[in-house]
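Undergrad: Below is one structure. I have some questions about it.
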Amino acid sequence: MVELKEIRKSFGDHQILNGVSLTVEEGEVVVILGPSGSGKTTLLRTINFLGPADSGTVTIDGMTVDSKKHHHREVQELRKKTGMVFQNYNLFKNKTVLHNITEGLTSVRKVPKAEAEKTAMTLLEKVNLADRANAYPAELSGGQQQRVGICRALALNPKVILFDEPTSALDPELVGEVLATMRAVAATGITMIVVTHEISFAKEVADKVVYMEEGVIVEQGTPKQVIENPQNEKTIRFLRTLLNNPIEYNI
């Protein structure tokens, strides 16, 4: 479903991504772990060209776009295959919950308003927010806003959903409701690429875990392989720090 080849990205003299290649199969849930500054979010943003790479190719559902040489039309077509859930929600503050979800359907996909609203309400019912359809973002908790963000991404019926640390801006008591929604989304079989520090989610839901550091993929495999039995010292050091637990790994 998604294939990244030799993705490179620099900001000035600082190289953020150093030839990253990654394959994601249809229906897979891939979790990307790594310390701050490892390039996780930058990599995610190169997939839908929100932050195009300097070089390398991105393929989604059979469509390949060259990061170095691409046309606006190609990028627009590629983006139609993705949905994105942002760390800080990115909802329109002056629009209702319903309007936040229908905006992309009516303005980009040209879906009739009544049909778009029906889609939005169906999704809101699934995340127990149908009664908040006419509320504004400021009237919602962070967890509710993030669930609206997930509905907005799902409404576009994408081939793959990208999650950029979707729980990192939430108060601890609100994290669970968002993770529960993400588990439900994963259960539908949609392809997901998730940048997160939520190890429990990775162990329970991910098909593949990718560990990144200093702009490269250090280790990847099943959750059991990467989280429970990591082979690279960098992965081990990160997990010990994240879990605050001096786990003894065999390497």
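Residues are named by chain letter and number: chains run A, B, ... in the order of the structure tokens, numbers start at 1 in each chain, and ligands are numbered from 1 in the order shown.
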From the DSSP assignment of the backbone, select every residue of region 12-231 of chain A that is helix (DSSP H, G or I), and format the answer as a PyMOL selection string.
TA: chain A and resi 40-47+72-79+97-107+113-126+130-132+137-139+142-155+172-187+199-205+223-228
Undergrad: Which residues, written as a PyMOL selection string, have at least one atom at most 12 Å from Ile60 (chain A), with only C-alpha atoms counted and residues fewer than 2 positions away on the same chain left out?
TA: chain A and resi 1-5+22-26+47-49+57-58+62-66+74-75+77-82+158-161+191
Undergrad: Show which residues sit within 7 Å of Leu105 (chain A), as a list in words. Count only C-alpha atoms, and ignore same-chain residues fewer than 4 positions away.
TA: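 With the cut-off at 7 Å, the set is Arg109, Lys110, Val111, Ala116 and Leu156 of chain A.
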Undergrad: Mind running region 115-146 of chain A against region 84-88 of chain A at 12 Å and telling me each contacting residue's nearest atom pair with the distance in Å (one decimal), counting only C-alpha atoms, chain and number ascending, as a tab-separated table?
TA:
residue	atom	partner	partner_atom	distance
A:Pro137	CA	A:Asn88	CA	11.8
A:Gly142	CA	A:Asn88	CA	8.8
A:Gly143	CA	A:Asn88	CA	10.6
A:Gln145	CA	A:Asn88	CA	9.0
A:Gln146	CA	A:Val85	CA	7.7
Undergrad: Would you write out those residues with C-alpha atoms, as a short mmCIF file (atom, residue, chain, number, x, y, z; two decimals), in the first residue's frame?
TA:
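Just written: again_35.cif:
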data_model
loop_
_atom_site.label_atom_id
_atom_site.label_comp_id
_atom_site.auth_asym_id
_atom_site.auth_seq_id
_atom_site.Cartn_x
_atom_site.Cartn_y
_atom_site.Cartn_z
CA PRO A 137 -13.84 22.99 19.10
CA GLY A 142 -8.78 17.62 23.88
CA GLY A 143 -9.78 13.99 23.60
CA GLN A 145 -11.28 17.21 19.51
CA GLN A 146 -8.86 14.47 18.55
#
Undergrad: Could you name the residues that touch Val148 (chain A) at 8 Å or less, counting only C-alpha atoms, but leaving out those on the same chain fewer than 4 positions away, as a PDB file with C-alpha atoms, in the first residue's frame?
TA:
ATOM      1  CA  VAL A  97     -17.758  19.783  14.626  1.00  0.00           C
ATOM      2  CA  ILE A 101     -15.745  16.961   9.071  1.00  0.00           C
ATOM      3  CA  LEU A 124     -19.641  10.851  14.987  1.00  0.00           C
ATOM      4  CA  GLN A 144     -13.062  14.907  21.929  1.00  0.00           C
ATOM      5  CA  ARG A 152     -12.411  14.048   9.603  1.00  0.00           C
TER       6      ARG A 152
END
Undergrad: Could you jot down the CA of Ala180 (chain A) to CA of Glu213 (chain A) separation for me, Å, one decimal place?
TA: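 A separation of 28.0 Å between them.
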Undergrad: Taking 2 positions as the minimum chain separation for residues in the same chain, which residues sit within 12 Å of Ala187 (chain A) when counting only C-alpha atoms? Answer as a list in words.
TA: Gly27, Glu28, Val29, Ala180, Thr181, Met182, Arg183, Ala184, Val185, Gly189, Ile190, Thr191, Met192, Glu204, Val205, Ala206 and Asp207 of chain A
